[in-house]
$ cat input.cif   # mmCIF, C-alpha atoms and all ligand atoms
data_data
#
loop_
_atom_site.group_PDB
_atom_site.id
_atom_site.type_symbol
_atom_site.label_atom_id
_atom_site.label_comp_id
_atom_site.auth_asym_id
_atom_site.auth_seq_id
_atom_site.Cartn_x
_atom_site.Cartn_y
_atom_site.Cartn_z
ATOM 1 C CA MET A 1118 0.000 0.000 0.000
ATOM 2 C CA LEU A 1119 1.149 3.518 -0.784
ATOM 3 C CA VAL A 1120 1.385 5.476 2.476
ATOM 4 C CA SER A 1121 2.198 9.002 3.562
ATOM 5 C CA GLY A 1122 5.766 9.786 4.539
ATOM 6 C CA ILE A 1123 4.409 11.750 7.495
ATOM 7 C CA GLN A 1124 2.747 8.669 8.951
ATOM 8 C CA ALA A 1125 5.710 6.375 8.226
ATOM 9 C CA LEU A 1126 8.231 8.771 9.813
ATOM 10 C CA ARG A 1127 6.067 9.317 12.867
ATOM 11 C CA ILE A 1128 5.762 5.582 13.516
ATOM 12 C CA ALA A 1129 9.496 4.979 12.928
ATOM 13 C CA ALA A 1130 10.445 7.788 15.322
ATOM 14 C CA GLU A 1131 8.013 6.553 17.981
ATOM 15 C CA GLU A 1132 9.231 2.973 17.717
ATOM 16 C CA GLY A 1133 12.947 3.796 17.429
ATOM 17 C CA TYR A 1134 13.828 2.310 14.064
ATOM 18 C CA ALA A 1135 14.802 3.729 10.668
ATOM 19 C CA LEU A 1136 12.947 3.556 7.384
ATOM 20 C CA PRO A 1137 15.213 2.087 4.715
ATOM 21 C CA ALA A 1138 15.104 4.345 1.652
ATOM 22 C CA ILE A 1139 16.357 2.855 -1.591
ATOM 23 C CA ASN A 1140 16.634 4.444 -5.029
ATOM 24 C CA TYR A 1141 15.211 2.843 -8.169
ATOM 25 C CA ILE A 1142 15.591 3.713 -11.828
ATOM 26 C CA ASN A 1143 13.634 0.888 -13.446
ATOM 27 C CA MET A 1144 11.210 -1.982 -12.963
ATOM 28 C CA GLU A 1145 13.912 -4.486 -12.040
ATOM 29 C CA HIS A 1146 15.311 -2.356 -9.213
ATOM 30 C CA LEU A 1147 11.850 -1.703 -7.877
ATOM 31 C CA THR A 1148 10.857 -5.368 -7.985
ATOM 32 C CA ALA A 1149 13.979 -6.363 -6.041
ATOM 33 C CA ILE A 1150 13.431 -3.671 -3.385
ATOM 34 C CA ILE A 1151 9.736 -4.439 -2.857
ATOM 35 C CA ALA A 1152 10.413 -8.191 -2.751
ATOM 36 C CA ALA A 1153 12.971 -7.632 0.027
ATOM 37 C CA ALA A 1154 10.537 -5.505 2.040
ATOM 38 C CA GLU A 1155 7.704 -8.004 1.605
ATOM 39 C CA GLU A 1156 9.863 -10.941 2.624
ATOM 40 C CA LEU A 1157 10.877 -9.130 5.814
ATOM 41 C CA GLU A 1158 7.460 -7.518 6.390
ATOM 42 C CA ALA A 1159 9.086 -4.091 6.530
ATOM 43 C CA PRO A 1160 7.883 -0.620 5.602
ATOM 44 C CA ILE A 1161 10.038 0.793 2.827
ATOM 45 C CA ILE A 1162 10.761 4.071 1.063
ATOM 46 C CA ILE A 1163 11.329 3.844 -2.669
ATOM 47 C CA GLN A 1164 12.961 6.960 -4.004
ATOM 48 C CA THR A 1165 13.560 8.692 -7.300
ATOM 49 C CA SER A 1166 16.377 11.133 -7.928
ATOM 50 C CA GLN A 1167 16.389 13.891 -10.530
ATOM 51 C CA ASN A 1168 18.835 11.787 -12.574
ATOM 52 C CA ALA A 1169 16.515 8.788 -12.452
ATOM 53 C CA ILE A 1170 13.617 10.985 -13.578
ATOM 54 C CA ASP A 1171 15.744 12.316 -16.444
ATOM 55 C CA TYR A 1172 16.672 8.751 -17.395
ATOM 56 C CA ALA A 1173 13.302 7.002 -17.189
ATOM 57 C CA GLY A 1174 10.901 9.913 -17.596
ATOM 58 C CA PHE A 1175 8.719 11.474 -14.927
ATOM 59 C CA GLU A 1176 5.410 9.754 -15.736
ATOM 60 C CA TYR A 1177 6.942 6.345 -16.325
ATOM 61 C CA LEU A 1178 8.931 6.388 -13.086
ATOM 62 C CA ARG A 1179 5.866 7.626 -11.192
ATOM 63 C CA ASP A 1180 3.615 4.926 -12.688
ATOM 64 C CA LEU A 1181 6.171 2.248 -11.786
ATOM 65 C CA GLY A 1182 6.496 3.498 -8.208
ATOM 66 C CA VAL A 1183 2.792 4.050 -7.559
ATOM 67 C CA GLY A 1184 1.870 0.750 -9.231
ATOM 68 C CA ALA A 1185 4.417 -1.229 -7.238
ATOM 69 C CA ALA A 1186 3.443 0.496 -3.996
ATOM 70 C CA GLU A 1187 -0.277 -0.091 -4.453
ATOM 71 C CA ARG A 1188 0.278 -3.780 -5.085
ATOM 72 C CA ALA A 1189 2.786 -4.243 -2.243
ATOM 73 C CA ARG A 1190 1.818 -6.140 0.905
ATOM 74 C CA VAL A 1191 3.816 -3.662 3.013
ATOM 75 C CA PRO A 1192 3.617 0.115 3.541
ATOM 76 C CA VAL A 1193 5.523 1.917 0.793
ATOM 77 C CA VAL A 1194 6.422 5.630 0.672
ATOM 78 C CA LEU A 1195 7.226 7.113 -2.744
ATOM 79 C CA HIS A 1196 9.853 9.799 -2.148
ATOM 80 C CA LEU A 1197 11.610 12.417 -4.281
ATOM 81 C CA ASP A 1198 15.319 12.258 -3.390
ATOM 82 C CA HIS A 1199 17.432 15.454 -3.580
ATOM 83 C CA GLY A 1200 14.833 17.536 -5.412
ATOM 84 C CA LYS A 1201 16.816 20.669 -6.139
ATOM 85 C CA ASP A 1202 14.070 23.013 -7.256
ATOM 86 C CA LEU A 1203 10.567 24.102 -6.419
ATOM 87 C CA SER A 1204 9.051 23.028 -9.726
ATOM 88 C CA LEU A 1205 10.132 19.379 -9.465
ATOM 89 C CA ASN A 1206 8.923 19.229 -5.866
ATOM 90 C CA VAL A 1207 5.552 20.670 -6.841
ATOM 91 C CA GLN A 1208 5.272 18.281 -9.778
ATOM 92 C CA CYS A 1209 5.883 15.325 -7.450
ATOM 93 C CA ILE A 1210 3.436 16.658 -4.853
ATOM 94 C CA ARG A 1211 0.816 17.037 -7.586
ATOM 95 C CA TYR A 1212 1.332 13.668 -9.265
ATOM 96 C CA GLY A 1213 1.461 10.972 -6.616
ATOM 97 C CA TRP A 1214 4.663 11.079 -4.544
ATOM 98 C CA THR A 1215 3.902 10.789 -0.816
ATOM 99 C CA SER A 1216 7.144 12.393 0.316
ATOM 100 C CA VAL A 1217 9.530 14.913 -1.233
ATOM 101 C CA MET A 1218 12.942 16.394 -0.496
ATOM 102 C CA MET A 1219 13.640 20.041 -1.114
ATOM 103 C CA ASP A 1220 17.428 20.044 -1.121
ATOM 104 C CA ALA A 1221 18.543 23.655 -1.002
ATOM 105 C CA SER A 1222 21.511 22.786 1.203
ATOM 106 C CA LEU A 1223 23.994 24.584 -1.025
ATOM 107 C CA LEU A 1224 22.190 27.889 -0.419
ATOM 108 C CA PRO A 1225 22.756 30.086 2.644
ATOM 109 C CA PHE A 1226 20.717 29.103 5.730
ATOM 110 C CA GLU A 1227 17.909 31.644 5.291
ATOM 111 C CA GLU A 1228 17.422 30.831 1.616
ATOM 112 C CA ASN A 1229 17.416 27.104 2.397
ATOM 113 C CA VAL A 1230 14.730 27.710 5.039
ATOM 114 C CA SER A 1231 12.532 29.741 2.737
ATOM 115 C CA ALA A 1232 12.784 27.253 -0.171
ATOM 116 C CA VAL A 1233 11.815 24.387 2.166
ATOM 117 C CA ARG A 1234 9.034 26.394 3.798
ATOM 118 C CA GLU A 1235 7.468 27.062 0.415
ATOM 119 C CA VAL A 1236 7.440 23.350 -0.471
ATOM 120 C CA THR A 1237 6.207 22.393 3.002
ATOM 121 C CA ARG A 1238 3.172 24.676 2.796
ATOM 122 C CA ALA A 1239 2.003 22.908 -0.365
ATOM 123 C CA ALA A 1240 3.022 19.376 0.649
ATOM 124 C CA HIS A 1241 1.283 19.453 4.014
ATOM 125 C CA CYS A 1242 -2.057 20.297 2.379
ATOM 126 C CA LEU A 1243 -1.904 16.786 0.919
ATOM 127 C CA ASP A 1244 -0.335 14.971 3.898
ATOM 128 C CA ILE A 1245 2.983 14.669 2.051
ATOM 129 C CA SER A 1246 6.205 14.806 4.061
ATOM 130 C CA VAL A 1247 9.120 17.114 3.315
ATOM 131 C CA GLU A 1248 12.764 16.303 3.912
ATOM 132 C CA ALA A 1249 15.405 19.013 3.872
ATOM 133 C CA GLU A 1250 19.192 18.971 4.144
ATOM 134 C CA LEU A 1251 21.375 21.092 6.354
ATOM 135 C CA GLY A 1252 25.149 20.936 6.224
ATOM 136 C CA PHE A 1253 27.336 19.389 3.596
ATOM 137 C CA ILE A 1254 27.208 15.673 2.764
ATOM 138 C CA GLY A 1255 30.276 14.926 0.675
ATOM 139 C CA GLY A 1256 30.831 12.691 -2.321
ATOM 140 C CA LYS A 1257 28.811 13.553 -5.424
ATOM 141 C CA GLU A 1258 27.933 16.944 -3.933
ATOM 142 C CA GLY A 1259 31.581 18.044 -4.280
ATOM 143 C CA ASP A 1260 34.360 18.863 -1.864
ATOM 144 C CA ALA A 1261 33.644 19.657 1.737
ATOM 145 C CA ALA A 1262 33.083 23.239 2.781
ATOM 146 C CA ASN A 1263 35.099 24.653 5.701
ATOM 147 C CA ASP A 1264 32.674 23.518 8.362
ATOM 148 C CA PRO A 1265 30.583 20.880 6.636
ATOM 149 C CA TYR A 1266 28.820 19.295 9.603
ATOM 150 C CA THR A 1267 25.333 20.177 10.831
ATOM 151 C CA LEU A 1268 25.172 22.158 14.065
ATOM 152 C CA PRO A 1269 22.509 21.154 16.632
ATOM 153 C CA GLU A 1270 21.253 24.704 17.225
ATOM 154 C CA ASP A 1271 20.983 25.295 13.449
ATOM 155 C CA ALA A 1272 18.989 22.075 13.044
ATOM 156 C CA LYS A 1273 16.568 23.176 15.768
ATOM 157 C CA ARG A 1274 16.056 26.565 14.120
ATOM 158 C CA PHE A 1275 15.732 24.939 10.730
ATOM 159 C CA PHE A 1276 12.901 22.618 11.802
ATOM 160 C CA GLU A 1277 11.084 25.476 13.523
ATOM 161 C CA GLU A 1278 11.398 27.979 10.705
ATOM 162 C CA SER A 1279 10.874 25.693 7.704
ATOM 163 C CA GLY A 1280 8.226 23.325 9.096
ATOM 164 C CA CYS A 1281 9.957 20.343 7.460
ATOM 165 C CA ASP A 1282 9.266 16.806 8.681
ATOM 166 C CA SER A 1283 12.758 15.326 8.536
ATOM 167 C CA LEU A 1284 16.271 16.622 8.162
ATOM 168 C CA ALA A 1285 19.259 15.091 6.396
ATOM 169 C CA VAL A 1286 22.273 15.846 8.546
ATOM 170 C CA ALA A 1287 25.962 16.011 7.697
ATOM 171 C CA VAL A 1288 27.672 13.852 10.304
ATOM 172 C CA GLY A 1289 30.493 12.198 8.365
ATOM 173 C CA THR A 1290 28.904 10.060 5.653
ATOM 174 C CA GLN A 1291 29.293 10.836 1.963
ATOM 175 C CA HIS A 1292 27.629 9.736 -1.245
ATOM 176 C CA GLY A 1293 29.042 6.857 -3.289
ATOM 177 C CA LEU A 1294 32.386 5.190 -2.703
ATOM 178 C CA TYR A 1295 34.513 6.213 0.293
ATOM 179 C CA LYS A 1296 38.101 7.201 -0.349
ATOM 180 C CA GLY A 1297 39.269 6.517 3.195
ATOM 181 C CA GLU A 1298 37.849 5.118 6.380
ATOM 182 C CA VAL A 1299 34.226 6.026 7.217
ATOM 183 C CA LYS A 1300 33.866 8.199 10.299
ATOM 184 C CA ILE A 1301 30.528 9.119 11.850
ATOM 185 C CA ASP A 1302 30.184 11.741 14.554
ATOM 186 C CA TYR A 1303 27.702 9.859 16.769
ATOM 187 C CA GLN A 1304 27.779 12.454 19.533
ATOM 188 C CA ARG A 1305 26.724 15.071 17.009
ATOM 189 C CA ILE A 1306 23.724 12.937 15.994
ATOM 190 C CA ARG A 1307 22.729 12.628 19.675
ATOM 191 C CA ASP A 1308 23.160 16.373 20.204
ATOM 192 C CA ILE A 1309 21.112 17.231 17.110
ATOM 193 C CA LYS A 1310 18.396 14.744 18.093
ATOM 194 C CA ALA A 1311 18.152 16.311 21.555
ATOM 195 C CA ALA A 1312 18.161 19.851 20.162
ATOM 196 C CA VAL A 1313 15.312 19.101 17.730
ATOM 197 C CA GLY A 1314 13.150 17.393 20.344
ATOM 198 C CA GLY A 1315 13.345 13.921 18.816
ATOM 199 C CA ARG A 1316 12.224 14.883 15.316
ATOM 200 C CA PRO A 1317 13.253 12.503 12.482
ATOM 201 C CA LEU A 1318 16.840 12.745 11.189
ATOM 202 C CA VAL A 1319 18.047 11.251 7.925
ATOM 203 C CA LEU A 1320 21.380 9.654 7.069
ATOM 204 C CA HIS A 1321 22.504 9.953 3.445
ATOM 205 C CA GLY A 1322 25.396 8.283 1.660
ATOM 206 C CA THR A 1323 25.093 5.061 3.607
ATOM 207 C CA SER A 1324 26.339 2.614 0.986
ATOM 208 C CA PHE A 1325 29.535 0.888 2.110
ATOM 209 C CA VAL A 1326 29.175 2.169 5.672
ATOM 210 C CA PRO A 1327 29.907 -0.833 7.941
ATOM 211 C CA LEU A 1328 26.641 -2.248 9.255
ATOM 212 C CA GLU A 1329 27.509 -1.800 12.929
ATOM 213 C CA MET A 1330 28.119 1.902 12.264
ATOM 214 C CA VAL A 1331 24.714 2.265 10.611
ATOM 215 C CA ALA A 1332 23.128 0.498 13.594
ATOM 216 C CA GLN A 1333 24.851 2.848 16.009
ATOM 217 C CA ALA A 1334 23.759 5.916 14.047
ATOM 218 C CA ILE A 1335 20.156 4.668 14.226
ATOM 219 C CA ASP A 1336 20.470 4.165 17.977
ATOM 220 C CA CYS A 1337 21.595 7.797 18.223
ATOM 221 C CA GLY A 1338 18.404 9.025 16.515
ATOM 222 C CA ILE A 1339 18.373 8.424 12.744
ATOM 223 C CA ASN A 1340 14.911 7.490 11.396
ATOM 224 C CA LYS A 1341 15.539 7.228 7.636
ATOM 225 C CA VAL A 1342 18.620 5.786 5.963
ATOM 226 C CA ASN A 1343 19.386 6.231 2.262
ATOM 227 C CA PHE A 1344 21.073 3.495 0.253
ATOM 228 C CA ASP A 1345 21.780 3.598 -3.465
ATOM 229 C CA SER A 1346 25.255 2.896 -4.926
ATOM 230 C CA GLU A 1347 25.858 -0.342 -3.038
ATOM 231 C CA LEU A 1348 22.737 -1.976 -4.454
ATOM 232 C CA LYS A 1349 23.539 -0.821 -7.965
ATOM 233 C CA MET A 1350 27.087 -2.164 -7.670
ATOM 234 C CA ALA A 1351 25.859 -5.516 -6.367
ATOM 235 C CA GLY A 1352 23.492 -5.703 -9.328
ATOM 236 C CA MET A 1353 26.230 -4.836 -11.826
ATOM 237 C CA LYS A 1354 28.574 -7.405 -10.305
ATOM 238 C CA ALA A 1355 25.915 -10.092 -10.817
ATOM 239 C CA ILE A 1356 25.457 -8.973 -14.429
ATOM 240 C CA ARG A 1357 29.203 -9.105 -15.067
ATOM 241 C CA SER A 1358 29.533 -12.611 -13.748
ATOM 242 C CA TYR A 1359 26.465 -13.787 -15.659
ATOM 243 C CA LEU A 1360 27.958 -12.412 -18.870
ATOM 244 C CA ALA A 1361 31.350 -13.926 -18.130
ATOM 245 C CA GLU A 1362 29.687 -17.331 -17.866
ATOM 246 C CA ASN A 1363 27.286 -16.705 -20.739
ATOM 247 C CA PRO A 1364 29.144 -14.559 -23.271
ATOM 248 C CA ASP A 1365 26.575 -15.214 -26.005
ATOM 249 C CA ALA A 1366 23.556 -14.328 -23.873
ATOM 250 C CA TYR A 1367 20.913 -12.195 -25.539
ATOM 251 C CA ASP A 1368 17.833 -12.694 -23.337
ATOM 252 C CA LEU A 1369 17.843 -9.760 -20.919
ATOM 253 C CA ARG A 1370 15.513 -11.560 -18.537
ATOM 254 C CA LYS A 1371 18.112 -14.216 -17.839
ATOM 255 C CA MET A 1372 20.702 -11.545 -17.042
ATOM 256 C CA ASN A 1373 18.323 -9.459 -14.952
ATOM 257 C CA ARG A 1374 17.300 -12.310 -12.649
ATOM 258 C CA PRO A 1375 20.712 -12.644 -10.935
ATOM 259 C CA MET A 1376 20.941 -8.852 -10.817
ATOM 260 C CA MET A 1377 17.596 -8.617 -9.020
ATOM 261 C CA ALA A 1378 18.534 -11.432 -6.639
ATOM 262 C CA ALA A 1379 21.785 -9.669 -5.729
ATOM 263 C CA MET A 1380 20.006 -6.362 -5.161
ATOM 264 C CA LYS A 1381 17.304 -8.017 -3.094
ATOM 265 C CA GLU A 1382 19.934 -9.617 -0.875
ATOM 266 C CA VAL A 1383 21.619 -6.256 -0.179
ATOM 267 C CA ALA A 1384 18.221 -4.618 0.386
ATOM 268 C CA MET A 1385 17.350 -7.284 2.971
ATOM 269 C CA GLU A 1386 20.624 -6.706 4.790
ATOM 270 C CA LYS A 1387 19.919 -2.959 4.925
ATOM 271 C CA ILE A 1388 16.306 -3.423 6.055
ATOM 272 C CA ARG A 1389 17.484 -5.638 8.920
ATOM 273 C CA ILE A 1390 20.141 -3.192 10.080
ATOM 274 C CA CYS A 1391 17.514 -0.420 10.072
ATOM 275 C CA LYS A 1392 15.511 -2.569 12.535
ATOM 276 C CA ALA A 1393 12.576 -2.260 10.135
ATOM 277 C CA GLU A 1394 12.020 -6.021 9.844
ATOM 278 C CA GLY A 1395 8.541 -7.011 11.032
ATOM 279 C CA LYS A 1396 7.477 -3.350 11.329
ATOM 280 C CA ALA A 1397 4.970 -3.362 8.466
ATOM 281 C CA TRP A 1398 1.971 -1.930 10.273
ATOM 282 C CA LEU A 1399 -0.333 -2.770 7.365
ATOM 283 C CA LYS A 1400 -0.169 -6.411 6.282
HETATM 284 O O1 LIG B 1501 20.280 10.221 -1.616
HETATM 285 C C1 LIG B 1501 20.758 9.094 -1.819
HETATM 286 C C2 LIG B 1501 21.709 8.516 -0.918
HETATM 287 O O2 LIG B 1501 22.169 9.370 0.032
HETATM 288 C C3 LIG B 1501 22.465 7.335 -1.338
HETATM 289 O O3 LIG B 1501 23.857 7.411 -1.130
HETATM 290 O O4 LIG B 1501 24.733 6.010 -2.978
HETATM 291 O O5 LIG B 1501 26.082 6.485 -0.964
HETATM 292 O O6 LIG B 1501 24.130 4.988 -0.816
HETATM 293 P P1 LIG B 1501 24.758 6.164 -1.508
HETATM 294 ZN ZN ZN B 1502 21.698 11.571 -0.649
#
$ encode --input "input.cif" --output "structure tokens"
Amino acid sequence: MLVSGIQALRIAAEEGYALPAINYINMEHLTAIIAAAEELEAPIIIQTSQNAIDYAGFEYLRDLGVGAAERARVPVVLHLDHGKDLSLNVQCIRYGWTSVMMDASLLPFEENVSAVREVTRAAHCLDISVEAELGFIGGKEGDAANDPYTLPEDAKRFFEESGCDSLAVAVGTQHGLYKGEVKIDYQRIRDIKAAVGGRPLVLHGTSFVPLEMVAQAIDCGINKVNFDSELKMAGMKAIRSYLAENPDAYDLRKMNRPMMAAMKEVAMEKIRICKAEGKAWLK
């Protein structure tokens, strides 16, 4: 069933677990993600990035997500990941997403607040949740600014002034592959969580973060965890080995099956570490 991000985040925060949020760009990815959530009876967030929308097309990606969610035996939130502008956020709010992200994190604080507030006013009329980002999460977003991490007092002000429902915080993770060792500032997560009165915090760039570190971050107050690259890499690895064994293959379905199985396996691992297993409140 397709559910509101507001409801899903509220339940996750109350029960002390994190919603696993996984990106999809096509039917195969989506099928693998939903199958993992159904097998573990877990609520799940399926998310679309701007790049995925550019690749697959807005309507097609929406129809895939809404169709899969409505048929799923578990609660599914359809989320816009890193929506960089007002128009894409409004389009998603209008056409079926149940959660959006207005990512104006590269703008100065006040401009970030006002961009998010604008989206929030529209989204909340339709019970759609809004995620924002404060601070600088490295990786694809570029090189770190001087003081990239989120400050607890800024996070508090940000929630109050923007009205957002969840906040992606910069606490050490980065998108994609890590160059060195992963370091997470757990105390900062605890301090932010306390400053914002327990409101939902989001961890981005969680591929390749050791599982025990993800678990600890959740214990400190994270209620949504984003995973993307690691699933895609697992899928590609399965495709490569299928092709190595079957160099003359031409039936895409035969190649996609091992890819989907590999992605499902990683998705299940991530759902478990989020403590979302068995938390499907609608069955
Ligand atoms: O917004 C998407 C994520 O933060 C995914 O990051 O590719 O490092 O898992 P990742
Ligand atoms: Zn991200």
$ atom_distance --input "input.cif" --atom1 "atom CA of A:Asn1343" --atom2 "atom CA of A:Met1372"
26.3 Å
$ closest_residue --input "input.cif" --among "A:Ala1332, A:Met1218, A:Ala1361, A:Ala1130" --to "A:Gly1314" --atoms "only C-alpha atoms"
A:Ala1130
$ residues_near_ligand --input "input.cif" --ligand "ligand ZN 1502 (chain B)" --cutoff "12 Å" --atoms "only C-alpha atoms and all ligand atoms" --output "JSON, numbers by chain"
{"A": [1138, 1139, 1140, 1164, 1165, 1166, 1167, 1197, 1198, 1199, 1200, 1201, 1218, 1219, 1220, 1222, 1248, 1249, 1250, 1251, 1253, 1254, 1255, 1256, 1257, 1258, 1284, 1285, 1286, 1287, 1290, 1291, 1292, 1293, 1319, 1320, 1321, 1322, 1323, 1324, 1341, 1342, 1343, 1344, 1345, 1346]}
$ closest_residue --input "input.cif" --among "A:Pro1269, A:Pro1317, A:Pro1137, A:Pro1160" --to "ligand LIG 1501 (chain B)" --atoms "only C-alpha atoms and all ligand atoms"
A:Pro1137
$ axis_aligned_box --input "input.cif" --around "ligand LIG 1501 (chain B)" --padding-each-side "3 Å" --output "JSON"
{"center_x": 23.2, "center_y": 7.6, "center_z": -1.5, "size_x": 11.8, "size_y": 11.2, "size_z": 9.0}
$ closest_residue --input "input.cif" --among "A:Arg1374, A:Lys1273, A:His1196, A:Lys1381" --to "ligand LIG 1501 (chain B)" --atoms "all atoms listed in the file"
A:His1196
$ resolve_selection --input "input.cif" --expression "the PyMOL selection byres (((chain A and resi 1325) around 8) and not hetatm)" --output "mmCIF file with C-alpha atoms, in the coordinates of the input"
data_model
loop_
_atom_site.group_PDB
_atom_site.id
_atom_site.type_symbol
_atom_site.label_atom_id
_atom_site.label_comp_id
_atom_site.auth_asym_id
_atom_site.auth_seq_id
_atom_site.Cartn_x
_atom_site.Cartn_y
_atom_site.Cartn_z
ATOM 1 C CA LEU A 1294 32.386 5.190 -2.703
ATOM 2 C CA TYR A 1295 34.513 6.213 0.293
ATOM 3 C CA THR A 1323 25.093 5.061 3.607
ATOM 4 C CA SER A 1324 26.339 2.614 0.986
ATOM 5 C CA VAL A 1326 29.175 2.169 5.672
ATOM 6 C CA PRO A 1327 29.907 -0.833 7.941
ATOM 7 C CA GLU A 1347 25.858 -0.342 -3.038
#
$ closest_residue --input "input.cif" --among "A:Met1385, A:Tyr1141, A:Asn1363, A:Arg1211" --to "ligand LIG 1501 (chain B)" --atoms "all atoms listed in the file"
A:Tyr1141
$ resolve_selection --input "input.cif" --expression "the PyMOL selection byres (((chain A and resi 1118-1124) around 10) and not hetatm)" --output "VMD selection string"
chain A and resid 1125 to 1129 1136 1160 to 1162 1182 to 1196 1213 to 1217 1241 1243 to 1248 1282 to 1283 1399 to 1400
$ write_last_selection --input "input.cif" --atoms "C-alpha atoms" --output "mmCIF file, keeping the file's coordinate frame"
data_model
loop_
_atom_site.group_PDB
_atom_site.id
_atom_site.type_symbol
_atom_site.label_atom_id
_atom_site.label_comp_id
_atom_site.auth_asym_id
_atom_site.auth_seq_id
_atom_site.Cartn_x
_atom_site.Cartn_y
_atom_site.Cartn_z
ATOM 1 C CA ALA A 1125 5.710 6.375 8.226
ATOM 2 C CA LEU A 1126 8.231 8.771 9.813
ATOM 3 C CA ARG A 1127 6.067 9.317 12.867
ATOM 4 C CA ILE A 1128 5.762 5.582 13.516
ATOM 5 C CA ALA A 1129 9.496 4.979 12.928
ATOM 6 C CA LEU A 1136 12.947 3.556 7.384
ATOM 7 C CA PRO A 1160 7.883 -0.620 5.602
ATOM 8 C CA ILE A 1161 10.038 0.793 2.827
ATOM 9 C CA ILE A 1162 10.761 4.071 1.063
ATOM 10 C CA GLY A 1182 6.496 3.498 -8.208
ATOM 11 C CA VAL A 1183 2.792 4.050 -7.559
ATOM 12 C CA GLY A 1184 1.870 0.750 -9.231
ATOM 13 C CA ALA A 1185 4.417 -1.229 -7.238
ATOM 14 C CA ALA A 1186 3.443 0.496 -3.996
ATOM 15 C CA GLU A 1187 -0.277 -0.091 -4.453
ATOM 16 C CA ARG A 1188 0.278 -3.780 -5.085
ATOM 17 C CA ALA A 1189 2.786 -4.243 -2.243
ATOM 18 C CA ARG A 1190 1.818 -6.140 0.905
ATOM 19 C CA VAL A 1191 3.816 -3.662 3.013
ATOM 20 C CA PRO A 1192 3.617 0.115 3.541
ATOM 21 C CA VAL A 1193 5.523 1.917 0.793
ATOM 22 C CA VAL A 1194 6.422 5.630 0.672
ATOM 23 C CA LEU A 1195 7.226 7.113 -2.744
ATOM 24 C CA HIS A 1196 9.853 9.799 -2.148
ATOM 25 C CA GLY A 1213 1.461 10.972 -6.616
ATOM 26 C CA TRP A 1214 4.663 11.079 -4.544
ATOM 27 C CA THR A 1215 3.902 10.789 -0.816
ATOM 28 C CA SER A 1216 7.144 12.393 0.316
ATOM 29 C CA VAL A 1217 9.530 14.913 -1.233
ATOM 30 C CA HIS A 1241 1.283 19.453 4.014
ATOM 31 C CA LEU A 1243 -1.904 16.786 0.919
ATOM 32 C CA ASP A 1244 -0.335 14.971 3.898
ATOM 33 C CA ILE A 1245 2.983 14.669 2.051
ATOM 34 C CA SER A 1246 6.205 14.806 4.061
ATOM 35 C CA VAL A 1247 9.120 17.114 3.315
ATOM 36 C CA GLU A 1248 12.764 16.303 3.912
ATOM 37 C CA ASP A 1282 9.266 16.806 8.681
ATOM 38 C CA SER A 1283 12.758 15.326 8.536
ATOM 39 C CA LEU A 1399 -0.333 -2.770 7.365
ATOM 40 C CA LYS A 1400 -0.169 -6.411 6.282
#
$ resolve_selection --input "input.cif" --expression "the PyMOL selection byres (((chain A and resi 1276-1279) around 7) and not hetatm)" --output "PyMOL selection string"
chain A and resi 1230-1231+1233-1234+1272-1275+1280-1281
$ build_atoms --input "input.cif" --residues "stretch 1197-1204 of chain A" --atoms "N, CA, C and O atoms" --output "compact mmCIF listing (two decimals), keeping the file's coordinate frame"
# COMPACT_ATOMS: atom_id res chain seq x y z
N LEU A 1197 10.69 11.71 -3.37
CA LEU A 1197 11.61 12.42 -4.28
C LEU A 1197 12.91 12.67 -3.52
O LEU A 1197 12.91 13.32 -2.47
N ASP A 1198 14.02 12.14 -4.04
CA ASP A 1198 15.32 12.26 -3.39
C ASP A 1198 16.10 13.45 -3.98
O ASP A 1198 16.22 13.56 -5.21
N HIS A 1199 16.63 14.31 -3.14
CA HIS A 1199 17.43 15.45 -3.58
C HIS A 1199 16.77 16.29 -4.68
O HIS A 1199 17.39 16.58 -5.71
N GLY A 1200 15.49 16.63 -4.47
CA GLY A 1200 14.83 17.54 -5.41
C GLY A 1200 15.45 18.92 -5.24
O GLY A 1200 15.40 19.48 -4.16
N LYS A 1201 16.05 19.43 -6.30
CA LYS A 1201 16.82 20.67 -6.14
C LYS A 1201 16.00 21.93 -6.40
O LYS A 1201 16.47 23.02 -6.15
N ASP A 1202 14.81 21.78 -7.01
CA ASP A 1202 14.07 23.01 -7.26
C ASP A 1202 12.60 22.88 -6.94
O ASP A 1202 12.06 21.78 -6.80
N LEU A 1203 11.98 24.03 -6.80
CA LEU A 1203 10.57 24.10 -6.42
C LEU A 1203 9.69 23.38 -7.44
O LEU A 1203 8.78 22.64 -7.07
N SER A 1204 9.98 23.57 -8.72
CA SER A 1204 9.05 23.03 -9.73
C SER A 1204 9.01 21.50 -9.70
O SER A 1204 7.94 20.90 -9.79
